[in-house]
Amino acid sequence: MDQEFQTITEDIITHPLFLQLRQLQHHGGENNLYDHSVDTAACAYRMARRFHMREDRVRAVTRAALLHDFCGYDWRGGTYKRFISGYSGLHRLKRMHAFIHGPLAARRAQRLFDLDERQCAAIACHMFPLAHMPRNSEAWVLTLADKWVASREVSGAAVWYIRSWCRKAVPAR
């Protein structure tokens, strides 16, 4: 990515808590949350440039995209599973990761990186339609970038799993 992207994101990408995202699997296969977040930020940056957004908005959406999944827990881990097991029915559904991680990530990111209201709103609603509808340009760009990157990752993971299964099912010659 270009120098401007690096300048916008450097303080976040090098933060010790953000670096921990490398340890968390995301969207299956060999994807991790760190790479997903950086790819989403790069995609949002390119979209913002293509849409001719103002410089402050390009910076805002890029930083929000980088932090959109920065919720502070592994939803596949035991702590989250114990949390969710305490609920059932609609109460459990409302506390599922897809519904709660946006607002949690927004609060955590705001505390650590002093984001503005537009950035927090973009992070909080990036899971639209499972979250509130985006209400600003940063939120729409982040939502689109996340969907684009996640679709690419899930497709790649499906291929990875199919190849893995085929290697096991078909003996080598």
# chains A, B, ... in the order shown; residues from 1 in each chain; ligands from 1
>>> closest_atom_pairs(of="stretch 9-90 of chain A", to="stretch 98-103 of chain A", cutoff="8 Å", atoms="only C-alpha atoms", output="tab-separated table")
residue	atom	partner	partner_atom	distance
A:His68	CA	A:Gly102	CA	6.6
A:Asp69	CA	A:Gly102	CA	6.8
A:Cys71	CA	A:His101	CA	5.7
>>> closest_atom_pairs(of="stretch 50-82 of chain A", to="stretch 16-22 of chain A", cutoff="10 Å", atoms="only C-alpha atoms", output="CSV")
residue,atom,partner,partner_atom,distance
A:Leu66,CA,A:Phe18,CA,9.5
A:Leu67,CA,A:Phe18,CA,8.5
A:Asp69,CA,A:Leu21,CA,9.3
A:Phe70,CA,A:Phe18,CA,7.5
A:Gly72,CA,A:Leu17,CA,8.5
A:Tyr73,CA,A:Leu21,CA,9.5
A:Asp74,CA,A:Leu21,CA,9.2
>>> write_last_selection(atoms="C-alpha atoms", output="short mmCIF file (atom, residue, chain, number, x, y, z; two decimals), in the first residue's frame")
data_model
loop_
_atom_site.label_atom_id
_atom_site.label_comp_id
_atom_site.auth_asym_id
_atom_site.auth_seq_id
_atom_site.Cartn_x
_atom_site.Cartn_y
_atom_site.Cartn_z
CA LEU A 66 -8.81 -1.11 10.59
CA LEU A 67 -10.57 -1.26 13.97
CA ASP A 69 -13.41 -6.08 14.49
CA PHE A 70 -11.25 -4.90 17.42
CA GLY A 72 -11.20 -7.71 22.44
CA TYR A 73 -12.31 -11.33 22.59
CA ASP A 74 -12.12 -14.53 20.56
#
>>> closest_residue(among="A:Met47, A:Ala169, A:Val38, A:Met96", to="A:Glu138", atoms="only C-alpha atoms")
A:Met47
>>> select_by_dssp(residues="chain A", states="helix (DSSP H, G or I)", output="ChimeraX atom specification")
/A:3-13,16-23,33-50,55-66,78-85,89-94,97-113,117-124,137-169
>>> atom_distance(atom1="atom CA of A:Cys125", atom2="atom CA of A:Ala139")
6.9 Å
>>> residues_around(residues="A:Ala65", least_positions_apart="5", cutoff="9 Å", atoms="only C-alpha atoms", output="VMD selection string")
chain A and resid 37 to 45 60 119 122 to 123 126 138 141 to 143 145 to 146
